[in-house]
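Shown next, in structure tokens, is the structure this report addresses.
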Number of protein chains: 2
Amino acid sequence: MKFKASTFEERILSVQYQLRTQELKGAVISNAENIFYLSGHLIGEGSGPSILYIPAEGKAILTVSESEASLPGIEHFPGIIFPYKAKDSEDNSSALALSCFKNEYAEFVSLPLGIEAGTISFRSAEILGITTDRDWFEIDPTVSHMRMIKDADEIEHMRSVVKISDLGQQKAREVLEEGISEIELQAACRHVMEIEAGIPIEMKADVLFGSRTVLIGGPAGVAGRYRAVEGNLAIVDLLPRVEGYYADTTRTLWCGPKPLKKEKIMNDLFSVKAELEKMLKPGVEAAVLDGIARSKLSKVGSFPHHTGHGIGISSFEAPFITPDSHYVLEEGMTITLEPGVYFEEWGARIEDDYLITKHGFERLSESSEV
Amino acid sequence: MKFKASTFEERILSVQYQLRTQELKGAVISNAENIFYLSGHLIGEGSGPSILYIPAEGKAILTVSESEASLPGIEHFPGIIFPYKAKDSEDNSSALALSCFKNEYAEFVSLPLGIEAGTISFRSAEILGITTDRDWFEIDPTVSHMRMIKDADEIEHMRSVVKISDLGQQKAREVLEEGISEIELQAACRHVMEIEAGIPIEMKADVLFGSRTVLIGGPAGVAGRYRAVEGNLAIVDLLPRVEGYYADTTRTLWCGPKPLKKEKIMNDLFSVKAELEKMLKPGVEAAVLDGIARSKLSKVGSFPHHTGHGIGISSFEAPFITPDSHYVLEEGMTITLEPGVYFEEWGARIEDDYLITKHGFERLSESSEV
């Protein structure tokens, strides 16, 4: 599954329109996710650093290491591919890529430039000759805003990775039994997803059993050697990334028969999810969605995290569905909803992936009500 | 397996000595590998961005997101832990961590500062008030140089990850048979290593069959759906990372009986390896090692890559064993040697991991002669 060149052409034209509006001479894209979005070049394992230069008018220039200049798929990039010689040393940085580019195309690059100040390195900014505030303008919000709305190519990628994530969740249900450890369950899910993808995948995950379900994830909530015993809840939150796009689904499973109290809590989560789904359509404020989830869930137990977030090239991106979110749902957004509830001894969470459509939504993942 | 606080104390004292020598007021460490090396804080999945500040004298300050301030292991850091409130939004960057730190500790931070100009973002440098060349000095080489020589704690970590890598290689030998695909073999190796580690691991790999062995790795040489047929060679290059440290070993295996010509080539590789091993000891120039490998191997076929490199917190670090390397082997370095030879239709490579000892070397990995 590959992108069409027209896809990148449209995206680059869109950035160029913004650059001219802001009277910038061009933009240097250093954020790897934005480089992928605007060029189709996925910086992964073994890749050298890349830099994408978009002039206010004319062809964009993608600077990549020599070994990547002939990669299959790169021909979809509708601009100039400039290969630089990567070094077998510690100097192999995006600043090296940028300085090779600058040497070759010096006459193309003039200030003021759009840059991503949070990702471009200080050394790279020096190479560009940026010294005062008049030399640059922050371009990241322009690209991030474009990335929120998925086009047809991206929706196809999202469908594909979410389907792989469904397979991972199915595997989790199959293998969860007394005695299996968190890491064994997580590795089994990863294994089946990687084989299905047919290429190495990246994956983030929170797989936690029993009282560890209160950890919610993050660096503390990492799968370990803890083994399931009968009656344990298991939270299985899987985030595979395939061909540049993430899925993010969560299931709460049981080891053995479902205890009655926990069954009630799961039904509460499903009913909050159903209520949120009823509201999913263009025009709805993310903060309103969050408020409804928060008021319902806080009557059941504690709800210390967000209600959901955008997914795509990043596993966690705009729109953020949080109390102070300023985002409004639009057609073409792909988001997750993840109501959860946590007590002293255990927690439960479900998470599905959605596409916002013209008049409502389409759930991309299998239903969490399994 | 955890680090001792004294380990970090010594490393930080070493940086502070350098800072005073260079008349710098302190150093802002932004490179994630260097933060781990100097503080024991491993930035991984789910972690927020971190910043480590080392004043020329006094206690270092590690700025981490709130959820990480109480992680097990972080108590080994012999300085101040400053938690910042990470945001549920796109503003969640190392610049945010730095600006929270700067607000809290403004009176501690004055110029000139040591920075890692290739990794610190332009926005972060702005927050520090760096404007002219007199405001900063490049500190990365100081830390990289320290990292080349592994101390006792690190050698223990290296032994442990290399042992896990040996298990992965053993799995590869077990499962390689007619009909298995590259990605199936790679996923099987990863699975067994992750279960053994007992926690989620990172892994890079080049697993290639048949004529694809000429791809050598990098972004083009990624495992796919290609299936082994009898007579195929398979290159299995595995780089698991466990608790912050990488192993990197390569085996060339056969599907079915070993063809005679290929057997001869393997013996050539083993004899080059034996010759290089005989030279491994403190004082040997990396470029000399590379020269010997290159002259021997180029009589057999093509040898387009490096002869080896350092491994540790990075999978590819100094000393680099290349024709133009300026490095000299020292006691405590951990390196790989990876002679390979490539023809039109196939290639072969072996790679072992070594510790340079006082009078010679210790091979950390099982021998590639299997």
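Letters A, B, ... go to the chains of the structure tokens in the order shown; residues in each chain start at 1; ligands are counted from 1 in the same order.
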
Would you list, as a PDB file with N, CA, C and O atoms, in the first residue's frame, the residues of range 76-219 of chain B that end up in strand (DSSP E or B) under DSSP run on this structure's backbone?
```pdb
ATOM      1  N   ILE B  80      19.207  16.249  42.438  1.00  0.00           N
ATOM      2  CA  ILE B  80      17.839  16.706  42.704  1.00  0.00           C
ATOM      3  C   ILE B  80      16.943  16.233  41.566  1.00  0.00           C
ATOM      4  O   ILE B  80      17.301  16.355  40.392  1.00  0.00           O
ATOM      5  N   ILE B  81      15.781  15.667  41.929  1.00  0.00           N
ATOM      6  CA  ILE B  81      14.796  15.302  40.903  1.00  0.00           C
ATOM      7  C   ILE B  81      13.750  16.406  40.883  1.00  0.00           C
ATOM      8  O   ILE B  81      13.084  16.661  41.893  1.00  0.00           O
ATOM      9  N   PHE B  82      13.591  17.074  39.760  1.00  0.00           N
ATOM     10  CA  PHE B  82      12.593  18.136  39.651  1.00  0.00           C
ATOM     11  C   PHE B  82      11.488  17.686  38.698  1.00  0.00           C
ATOM     12  O   PHE B  82      11.712  17.532  37.505  1.00  0.00           O
ATOM     13  N   PRO B  83      10.275  17.448  39.231  1.00  0.00           N
ATOM     14  CA  PRO B  83       9.179  16.993  38.363  1.00  0.00           C
ATOM     15  C   PRO B  83       8.463  18.177  37.710  1.00  0.00           C
ATOM     16  O   PRO B  83       8.208  19.187  38.369  1.00  0.00           O
ATOM     17  N   TYR B  84       8.176  18.078  36.435  1.00  0.00           N
ATOM     18  CA  TYR B  84       7.379  19.119  35.771  1.00  0.00           C
ATOM     19  C   TYR B  84       6.069  18.503  35.312  1.00  0.00           C
ATOM     20  O   TYR B  84       5.963  17.287  35.141  1.00  0.00           O
ATOM     21  N   LEU B 113      27.378  28.099  28.883  1.00  0.00           N
ATOM     22  CA  LEU B 113      26.936  26.742  29.197  1.00  0.00           C
ATOM     23  C   LEU B 113      27.502  25.740  28.202  1.00  0.00           C
ATOM     24  O   LEU B 113      27.689  26.070  27.024  1.00  0.00           O
ATOM     25  N   GLY B 114      27.714  24.527  28.675  1.00  0.00           N
ATOM     26  CA  GLY B 114      27.972  23.424  27.759  1.00  0.00           C
ATOM     27  C   GLY B 114      26.634  22.925  27.236  1.00  0.00           C
ATOM     28  O   GLY B 114      25.690  22.759  28.002  1.00  0.00           O
ATOM     29  N   ILE B 115      26.511  22.755  25.936  1.00  0.00           N
ATOM     30  CA  ILE B 115      25.283  22.173  25.362  1.00  0.00           C
ATOM     31  C   ILE B 115      25.666  21.135  24.310  1.00  0.00           C
ATOM     32  O   ILE B 115      26.819  21.086  23.856  1.00  0.00           O
ATOM     33  N   SER B 121      17.199  21.587  21.010  1.00  0.00           N
ATOM     34  CA  SER B 121      16.396  22.253  19.990  1.00  0.00           C
ATOM     35  C   SER B 121      16.678  23.753  19.998  1.00  0.00           C
ATOM     36  O   SER B 121      17.138  24.321  20.989  1.00  0.00           O
ATOM     37  N   TRP B 136      28.059  29.590  24.650  1.00  0.00           N
ATOM     38  CA  TRP B 136      27.982  28.124  24.742  1.00  0.00           C
ATOM     39  C   TRP B 136      29.242  27.448  24.233  1.00  0.00           C
ATOM     40  O   TRP B 136      30.048  28.044  23.522  1.00  0.00           O
ATOM     41  N   PHE B 137      29.325  26.172  24.588  1.00  0.00           N
ATOM     42  CA  PHE B 137      30.449  25.339  24.161  1.00  0.00           C
ATOM     43  C   PHE B 137      29.904  23.925  23.956  1.00  0.00           C
ATOM     44  O   PHE B 137      29.056  23.475  24.710  1.00  0.00           O
ATOM     45  N   GLU B 138      30.405  23.249  22.937  1.00  0.00           N
ATOM     46  CA  GLU B 138      29.909  21.896  22.634  1.00  0.00           C
ATOM     47  C   GLU B 138      30.424  20.893  23.671  1.00  0.00           C
ATOM     48  O   GLU B 138      31.638  20.695  23.789  1.00  0.00           O
ATOM     49  N   ILE B 149      34.542   4.064  27.247  1.00  0.00           N
ATOM     50  CA  ILE B 149      35.152   3.141  28.219  1.00  0.00           C
ATOM     51  C   ILE B 149      34.064   2.709  29.198  1.00  0.00           C
ATOM     52  O   ILE B 149      33.555   3.511  29.978  1.00  0.00           O
ATOM     53  N   SER B 181       9.462 -17.402   6.399  1.00  0.00           N
ATOM     54  CA  SER B 181       9.759 -16.092   5.801  1.00  0.00           C
ATOM     55  C   SER B 181      10.734 -15.333   6.693  1.00  0.00           C
ATOM     56  O   SER B 181      10.900 -15.643   7.877  1.00  0.00           O
ATOM     57  N   GLU B 202      13.647  -3.059  22.930  1.00  0.00           N
ATOM     58  CA  GLU B 202      13.764  -2.483  21.592  1.00  0.00           C
ATOM     59  C   GLU B 202      14.591  -3.455  20.777  1.00  0.00           C
ATOM     60  O   GLU B 202      15.413  -4.188  21.311  1.00  0.00           O
ATOM     61  N   MET B 203      14.400  -3.478  19.472  1.00  0.00           N
ATOM     62  CA  MET B 203      15.267  -4.310  18.643  1.00  0.00           C
ATOM     63  C   MET B 203      15.406  -3.730  17.246  1.00  0.00           C
ATOM     64  O   MET B 203      14.439  -3.290  16.640  1.00  0.00           O
ATOM     65  N   LYS B 204      16.630  -3.719  16.766  1.00  0.00           N
ATOM     66  CA  LYS B 204      16.885  -3.500  15.349  1.00  0.00           C
ATOM     67  C   LYS B 204      17.357  -4.836  14.807  1.00  0.00           C
ATOM     68  O   LYS B 204      17.859  -5.669  15.559  1.00  0.00           O
ATOM     69  N   ALA B 205      17.223  -5.044  13.516  1.00  0.00           N
ATOM     70  CA  ALA B 205      17.666  -6.315  12.938  1.00  0.00           C
ATOM     71  C   ALA B 205      17.782  -6.196  11.427  1.00  0.00           C
ATOM     72  O   ALA B 205      17.126  -5.368  10.799  1.00  0.00           O
ATOM     73  N   ASP B 206      18.672  -7.019  10.861  1.00  0.00           N
ATOM     74  CA  ASP B 206      18.674  -7.271   9.419  1.00  0.00           C
ATOM     75  C   ASP B 206      18.560  -8.773   9.271  1.00  0.00           C
ATOM     76  O   ASP B 206      19.488  -9.500   9.634  1.00  0.00           O
ATOM     77  N   VAL B 207      17.431  -9.221   8.762  1.00  0.00           N
ATOM     78  CA  VAL B 207      17.234 -10.652   8.517  1.00  0.00           C
ATOM     79  C   VAL B 207      16.889 -10.792   7.044  1.00  0.00           C
ATOM     80  O   VAL B 207      15.841 -10.328   6.589  1.00  0.00           O
ATOM     81  N   LEU B 208      17.810 -11.383   6.272  1.00  0.00           N
ATOM     82  CA  LEU B 208      17.662 -11.415   4.817  1.00  0.00           C
ATOM     83  C   LEU B 208      18.034 -12.793   4.285  1.00  0.00           C
ATOM     84  O   LEU B 208      18.998 -13.402   4.762  1.00  0.00           O
ATOM     85  N   PHE B 209      17.270 -13.261   3.298  1.00  0.00           N
ATOM     86  CA  PHE B 209      17.484 -14.598   2.721  1.00  0.00           C
ATOM     87  C   PHE B 209      17.949 -14.490   1.265  1.00  0.00           C
ATOM     88  O   PHE B 209      17.551 -13.571   0.544  1.00  0.00           O
TER      89      PHE B 209
END
```

Tell me, counting only C-alpha atoms, for each residue of chain B within 7 Å of chain A, which pair of atoms is nearest and how far apart they are in Å to one decimal, in rows ordered by chain and increasing number, as a tab-separated table.
```
residue	atom	partner	partner_atom	distance
B:Glu45	CA	A:Pro219	CA	6.3
B:Gly46	CA	A:Gly218	CA	4.2
B:Ser47	CA	A:Pro219	CA	5.5
B:Glu68	CA	A:Pro219	CA	6.9
B:Leu71	CA	A:Ala220	CA	6.2
B:Ser89	CA	A:Phe320	CA	6.5
B:Glu90	CA	A:Glu317	CA	6.8
B:Ala95	CA	A:Gly118	CA	6.7
B:Ala117	CA	A:Arg123	CA	5.1
B:Gly118	CA	A:Arg123	CA	5.4
B:Thr119	CA	A:Ser121	CA	5.5
B:Ile120	CA	A:Ser121	CA	5.5
B:Ser121	CA	A:Ser121	CA	4.3
B:Phe122	CA	A:Phe122	CA	4.3
B:Arg123	CA	A:Ala117	CA	5.1
B:Ala125	CA	A:Phe122	CA	6.6
B:Ile183	CA	A:Ile199	CA	6.0
B:Glu184	CA	A:Ile195	CA	6.0
B:Ala187	CA	A:His191	CA	5.9
B:His191	CA	A:Ala187	CA	5.9
B:Glu194	CA	A:Ala187	CA	6.9
B:Ile195	CA	A:Glu184	CA	6.0
B:Gly198	CA	A:Gly224	CA	5.5
B:Ile199	CA	A:Gly224	CA	5.0
B:Pro200	CA	A:Ala223	CA	6.7
B:Lys204	CA	A:Glu45	CA	6.7
B:Gly218	CA	A:Gly46	CA	4.2
B:Pro219	CA	A:Gly46	CA	5.1
B:Ala220	CA	A:Leu71	CA	6.3
B:Ala223	CA	A:Ile199	CA	5.9
B:Gly224	CA	A:Ile199	CA	5.0
B:Arg225	CA	A:Gly198	CA	5.5
B:Glu317	CA	A:Glu90	CA	6.8
B:Phe320	CA	A:Ser89	CA	6.5
```

Exercise. Which residues come within 8 Å of Ala97 in chain B, counting only C-alpha atoms, excluding same-chain residues fewer than 2 positions away, as a ChimeraX atom specification?
Worked result: /B:49-51,63-65,84,86,93-95,99-101

Selection file, all heavy atoms, as a short mmCIF file (atom, residue, chain, number, x, y, z; two decimals), in the first residue's frame:
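result35.cif, written as the output of this step:
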```
data_model
loop_
_atom_site.label_atom_id
_atom_site.label_comp_id
_atom_site.auth_asym_id
_atom_site.auth_seq_id
_atom_site.Cartn_x
_atom_site.Cartn_y
_atom_site.Cartn_z
N PRO B 49 9.70 14.09 27.83
CA PRO B 49 11.05 14.60 27.62
C PRO B 49 11.71 14.97 28.96
O PRO B 49 11.02 15.37 29.90
CB PRO B 49 10.83 15.85 26.77
CG PRO B 49 9.51 15.63 26.11
CD PRO B 49 8.69 14.87 27.10
N SER B 50 13.01 14.82 29.03
CA SER B 50 13.78 15.13 30.23
C SER B 50 14.95 16.03 29.87
O SER B 50 15.41 16.03 28.74
CB SER B 50 14.35 13.85 30.85
OG SER B 50 13.33 13.07 31.40
N ILE B 51 15.43 16.74 30.88
CA ILE B 51 16.61 17.57 30.73
C ILE B 51 17.47 17.36 31.98
O ILE B 51 16.93 17.30 33.08
CB ILE B 51 16.19 19.07 30.63
CG1 ILE B 51 15.56 19.37 29.28
CG2 ILE B 51 17.37 20.00 30.88
CD1 ILE B 51 16.50 19.36 28.09
N THR B 63 15.32 16.97 35.42
CA THR B 63 13.93 17.40 35.24
C THR B 63 13.18 16.31 34.48
O THR B 63 13.56 15.96 33.36
CB THR B 63 13.89 18.73 34.45
OG1 THR B 63 14.62 19.71 35.18
CG2 THR B 63 12.47 19.22 34.26
N VAL B 64 12.16 15.75 35.12
CA VAL B 64 11.37 14.67 34.49
C VAL B 64 9.89 14.97 34.69
O VAL B 64 9.52 15.75 35.57
CB VAL B 64 11.67 13.28 35.10
CG1 VAL B 64 13.10 12.85 34.83
CG2 VAL B 64 11.40 13.28 36.60
N SER B 65 9.04 14.35 33.88
CA SER B 65 7.60 14.56 34.04
C SER B 65 7.16 13.96 35.37
O SER B 65 7.77 13.02 35.88
CB SER B 65 6.85 13.94 32.88
OG SER B 65 6.80 12.54 33.02
N TYR B 84 8.18 18.08 36.43
CA TYR B 84 7.38 19.12 35.77
C TYR B 84 6.07 18.50 35.31
O TYR B 84 5.96 17.29 35.14
CB TYR B 84 8.14 19.74 34.60
CG TYR B 84 8.26 18.85 33.38
CD1 TYR B 84 7.36 18.95 32.30
CD2 TYR B 84 9.27 17.89 33.29
CE1 TYR B 84 7.47 18.13 31.19
CE2 TYR B 84 9.38 17.06 32.19
CZ TYR B 84 8.48 17.19 31.15
OH TYR B 84 8.58 16.36 30.05
N ALA B 86 3.71 17.54 32.73
CA ALA B 86 3.61 17.33 31.28
C ALA B 86 2.20 17.68 30.83
O ALA B 86 1.24 17.54 31.58
CB ALA B 86 3.93 15.89 30.93
N SER B 93 7.16 18.92 25.04
CA SER B 93 8.46 18.79 24.38
C SER B 93 9.58 18.98 25.39
O SER B 93 9.34 19.36 26.54
CB SER B 93 8.58 19.87 23.31
OG SER B 93 8.59 21.14 23.94
N SER B 94 10.81 18.74 24.95
CA SER B 94 11.92 18.97 25.87
C SER B 94 12.05 20.45 26.18
O SER B 94 12.54 20.83 27.24
CB SER B 94 13.22 18.40 25.29
OG SER B 94 13.44 18.91 24.01
N ALA B 95 11.55 21.31 25.28
CA ALA B 95 11.57 22.75 25.56
C ALA B 95 10.64 23.07 26.73
O ALA B 95 10.94 23.95 27.55
CB ALA B 95 11.16 23.54 24.31
N SER B 99 11.87 24.76 30.09
CA SER B 99 11.36 26.04 30.56
C SER B 99 10.82 25.91 31.99
O SER B 99 10.96 26.84 32.79
CB SER B 99 10.35 26.63 29.56
OG SER B 99 9.05 26.34 29.91
N CYS B 100 10.23 24.77 32.33
CA CYS B 100 9.81 24.55 33.73
C CYS B 100 11.04 24.58 34.65
O CYS B 100 11.02 25.19 35.71
CB CYS B 100 9.08 23.21 33.88
SG CYS B 100 7.50 23.14 33.01
N PHE B 101 12.08 23.91 34.22
CA PHE B 101 13.32 23.89 35.00
C PHE B 101 13.88 25.30 35.17
O PHE B 101 14.25 25.72 36.27
CB PHE B 101 14.36 22.98 34.31
CG PHE B 101 15.76 23.24 34.72
CD1 PHE B 101 16.22 22.84 35.97
CD2 PHE B 101 16.64 23.91 33.87
CE1 PHE B 101 17.53 23.10 36.37
CE2 PHE B 101 17.94 24.18 34.26
CZ PHE B 101 18.38 23.77 35.51
#
```

Seminar exercise, completed: One decimal place gives the CA of Asn267 in chain B-CA of Gly340 in chain B separation as 11.5 Å

Problem set entry | Spatial neighbours of range 272-274 of chain B, max dist 12 Å, only C-alpha atoms, sep filter under 2 positions, as JSON, numbers by chain | {"B": [265, 266, 267, 268, 269, 270, 276, 277, 278, 279, 280, 289, 290, 291, 292, 293, 294, 295, 296, 297, 298, 299, 300, 307, 308, 336, 337, 338, 339, 340, 341, 349, 350, 351, 352, 353, 354, 363, 367, 368, 369]}

Exercise. What are the DSSP alpha helix (DSSP H) residues of range 152-293 of chain A, as an NGL selection string?
Worked result: :A and (152-175 or 182-197 or 260-279 or 286-293)

Seminar exercise, completed: A straight line from CA of Asp151 in chain A to CA of Ala32 in chain A spans 19.3 Å

Exercise. Which polymer residues have any atom within 8 Å of an atom of Ala234 in chain B, counting only C-alpha atoms, with same-chain residues fewer than 2 positions away left out, as a PyMOL selection string?
Worked result: chain B and resi 207-210+213+232+236+252-255

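For the residues B:Glu154, B:Glu330, B:Glu178, B:Glu9, ranking by smallest atom-to-atom distance to Gly244 in chain B using only C-alpha atoms places B:Glu154 first.
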
For this session: Give the answer as one residue: which of A:Arg173, A:Lys262, A:His326, A:Lys25 has the shortest atom-to-atom distance to Thr250 in chain A, using only C-alpha atoms?
Result: A:Arg173

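The gap separating CA of Lys281 in chain B from CA of Leu355 in chain B is 9.4 Å, in Å to one decimal.
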
For this session: Do a neighbour search on Lys150 in chain A at 10 Å with only C-alpha atoms, toss out local chain neighbours closer than 4 positions, and write the hits as a list in words.
Result: Met146, Glu154, Ile155, Glu156, His157, Met158, Ile311, Gly312, Glu331, Gly332, Met333, Thr334, Leu355 and Ile356 of chain A

Please, could you write that set of residues out with all heavy atoms as an mmCIF file, in the first residue's frame?
```
data_model
loop_
_atom_site.group_PDB
_atom_site.id
_atom_site.type_symbol
_atom_site.label_atom_id
_atom_site.label_comp_id
_atom_site.auth_asym_id
_atom_site.auth_seq_id
_atom_site.Cartn_x
_atom_site.Cartn_y
_atom_site.Cartn_z
ATOM 1 N N MET A 146 -2.853 20.451 9.344
ATOM 2 C CA MET A 146 -3.157 19.661 8.144
ATOM 3 C C MET A 146 -3.270 18.183 8.503
ATOM 4 O O MET A 146 -4.152 17.475 7.993
ATOM 5 C CB MET A 146 -2.044 19.826 7.104
ATOM 6 C CG MET A 146 -2.020 21.188 6.425
ATOM 7 S SD MET A 146 -0.457 21.425 5.488
ATOM 8 C CE MET A 146 -0.594 20.119 4.255
ATOM 9 N N GLU A 154 -4.571 8.192 3.659
ATOM 10 C CA GLU A 154 -4.293 7.969 5.086
ATOM 11 C C GLU A 154 -5.369 7.098 5.734
ATOM 12 O O GLU A 154 -5.066 6.272 6.596
ATOM 13 C CB GLU A 154 -4.215 9.305 5.813
ATOM 14 C CG GLU A 154 -3.032 10.130 5.385
ATOM 15 C CD GLU A 154 -2.843 11.326 6.293
ATOM 16 O OE1 GLU A 154 -3.625 12.282 6.170
ATOM 17 O OE2 GLU A 154 -1.929 11.295 7.132
ATOM 18 N N ILE A 155 -6.605 7.306 5.318
ATOM 19 C CA ILE A 155 -7.694 6.515 5.907
ATOM 20 C C ILE A 155 -7.498 5.036 5.574
ATOM 21 O O ILE A 155 -7.720 4.160 6.409
ATOM 22 C CB ILE A 155 -9.066 7.059 5.441
ATOM 23 C CG1 ILE A 155 -9.293 8.433 6.087
ATOM 24 C CG2 ILE A 155 -10.204 6.099 5.782
ATOM 25 C CD1 ILE A 155 -10.451 9.220 5.532
ATOM 26 N N GLU A 156 -7.011 4.776 4.352
ATOM 27 C CA GLU A 156 -6.719 3.396 3.966
ATOM 28 C C GLU A 156 -5.627 2.806 4.871
ATOM 29 O O GLU A 156 -5.739 1.671 5.335
ATOM 30 C CB GLU A 156 -6.235 3.399 2.506
ATOM 31 C CG GLU A 156 -6.760 2.256 1.674
ATOM 32 C CD GLU A 156 -6.131 2.308 0.286
ATOM 33 O OE1 GLU A 156 -6.329 3.332 -0.418
ATOM 34 O OE2 GLU A 156 -5.427 1.345 -0.078
ATOM 35 N N HIS A 157 -4.577 3.589 5.128
ATOM 36 C CA HIS A 157 -3.519 3.120 6.039
ATOM 37 C C HIS A 157 -4.065 2.888 7.448
ATOM 38 O O HIS A 157 -3.677 1.936 8.117
ATOM 39 C CB HIS A 157 -2.371 4.140 6.097
ATOM 40 C CG HIS A 157 -1.360 3.955 5.011
ATOM 41 N ND1 HIS A 157 -1.533 4.462 3.753
ATOM 42 C CD2 HIS A 157 -0.186 3.297 4.989
ATOM 43 C CE1 HIS A 157 -0.490 4.133 3.005
ATOM 44 N NE2 HIS A 157 0.339 3.422 3.730
ATOM 45 N N MET A 158 -4.922 3.786 7.899
ATOM 46 C CA MET A 158 -5.482 3.639 9.253
ATOM 47 C C MET A 158 -6.332 2.366 9.345
ATOM 48 O O MET A 158 -6.247 1.625 10.319
ATOM 49 C CB MET A 158 -6.333 4.868 9.619
ATOM 50 C CG MET A 158 -5.541 6.131 9.899
ATOM 51 S SD MET A 158 -4.347 5.968 11.256
ATOM 52 C CE MET A 158 -5.415 5.527 12.618
ATOM 53 N N ILE A 311 -5.174 9.996 16.393
ATOM 54 C CA ILE A 311 -4.113 9.043 16.049
ATOM 55 C C ILE A 311 -3.835 9.128 14.558
ATOM 56 O O ILE A 311 -4.716 9.479 13.763
ATOM 57 C CB ILE A 311 -4.455 7.557 16.352
ATOM 58 C CG1 ILE A 311 -5.933 7.277 16.052
ATOM 59 C CG2 ILE A 311 -4.046 7.146 17.737
ATOM 60 C CD1 ILE A 311 -6.224 5.793 15.996
ATOM 61 N N GLY A 312 -2.648 8.761 14.173
ATOM 62 C CA GLY A 312 -2.260 8.805 12.761
ATOM 63 C C GLY A 312 -0.781 8.505 12.681
ATOM 64 O O GLY A 312 -0.338 7.456 13.142
ATOM 65 N N GLU A 331 -14.781 16.344 9.893
ATOM 66 C CA GLU A 331 -14.778 15.183 9.010
ATOM 67 C C GLU A 331 -13.333 14.834 8.637
ATOM 68 O O GLU A 331 -12.541 15.718 8.309
ATOM 69 C CB GLU A 331 -15.575 15.494 7.733
ATOM 70 C CG GLU A 331 -15.689 14.304 6.813
ATOM 71 C CD GLU A 331 -16.426 14.632 5.506
ATOM 72 O OE1 GLU A 331 -16.977 15.751 5.380
ATOM 73 O OE2 GLU A 331 -16.443 13.759 4.614
ATOM 74 N N GLY A 332 -13.002 13.551 8.717
ATOM 75 C CA GLY A 332 -11.664 13.107 8.317
ATOM 76 C C GLY A 332 -10.707 12.950 9.491
ATOM 77 O O GLY A 332 -9.588 12.472 9.312
ATOM 78 N N MET A 333 -11.135 13.353 10.683
ATOM 79 C CA MET A 333 -10.267 13.111 11.857
ATOM 80 C C MET A 333 -10.333 11.637 12.234
ATOM 81 O O MET A 333 -11.382 11.006 12.109
ATOM 82 C CB MET A 333 -10.726 13.958 13.045
ATOM 83 C CG MET A 333 -10.385 15.422 12.912
ATOM 84 S SD MET A 333 -11.005 16.346 14.354
ATOM 85 C CE MET A 333 -10.182 17.923 14.105
ATOM 86 N N THR A 334 -9.202 11.095 12.695
ATOM 87 C CA THR A 334 -9.221 9.749 13.284
ATOM 88 C C THR A 334 -8.835 9.880 14.747
ATOM 89 O O THR A 334 -7.808 10.488 15.071
ATOM 90 C CB THR A 334 -8.273 8.778 12.554
ATOM 91 O OG1 THR A 334 -7.002 9.401 12.370
ATOM 92 C CG2 THR A 334 -8.818 8.385 11.199
ATOM 93 N N LEU A 355 -13.244 7.002 12.852
ATOM 94 C CA LEU A 355 -13.102 8.005 11.794
ATOM 95 C C LEU A 355 -14.333 8.915 11.870
ATOM 96 O O LEU A 355 -15.468 8.415 11.907
ATOM 97 C CB LEU A 355 -13.057 7.300 10.432
ATOM 98 C CG LEU A 355 -13.189 8.191 9.195
ATOM 99 C CD1 LEU A 355 -11.972 9.104 9.032
ATOM 100 C CD2 LEU A 355 -13.379 7.326 7.939
ATOM 101 N N ILE A 356 -14.111 10.211 11.929
ATOM 102 C CA ILE A 356 -15.252 11.143 11.904
ATOM 103 C C ILE A 356 -15.676 11.316 10.439
ATOM 104 O O ILE A 356 -14.849 11.650 9.589
ATOM 105 C CB ILE A 356 -14.887 12.509 12.541
ATOM 106 C CG1 ILE A 356 -14.325 12.321 13.957
ATOM 107 C CG2 ILE A 356 -16.095 13.439 12.551
ATOM 108 C CD1 ILE A 356 -15.254 11.626 14.934
#
```
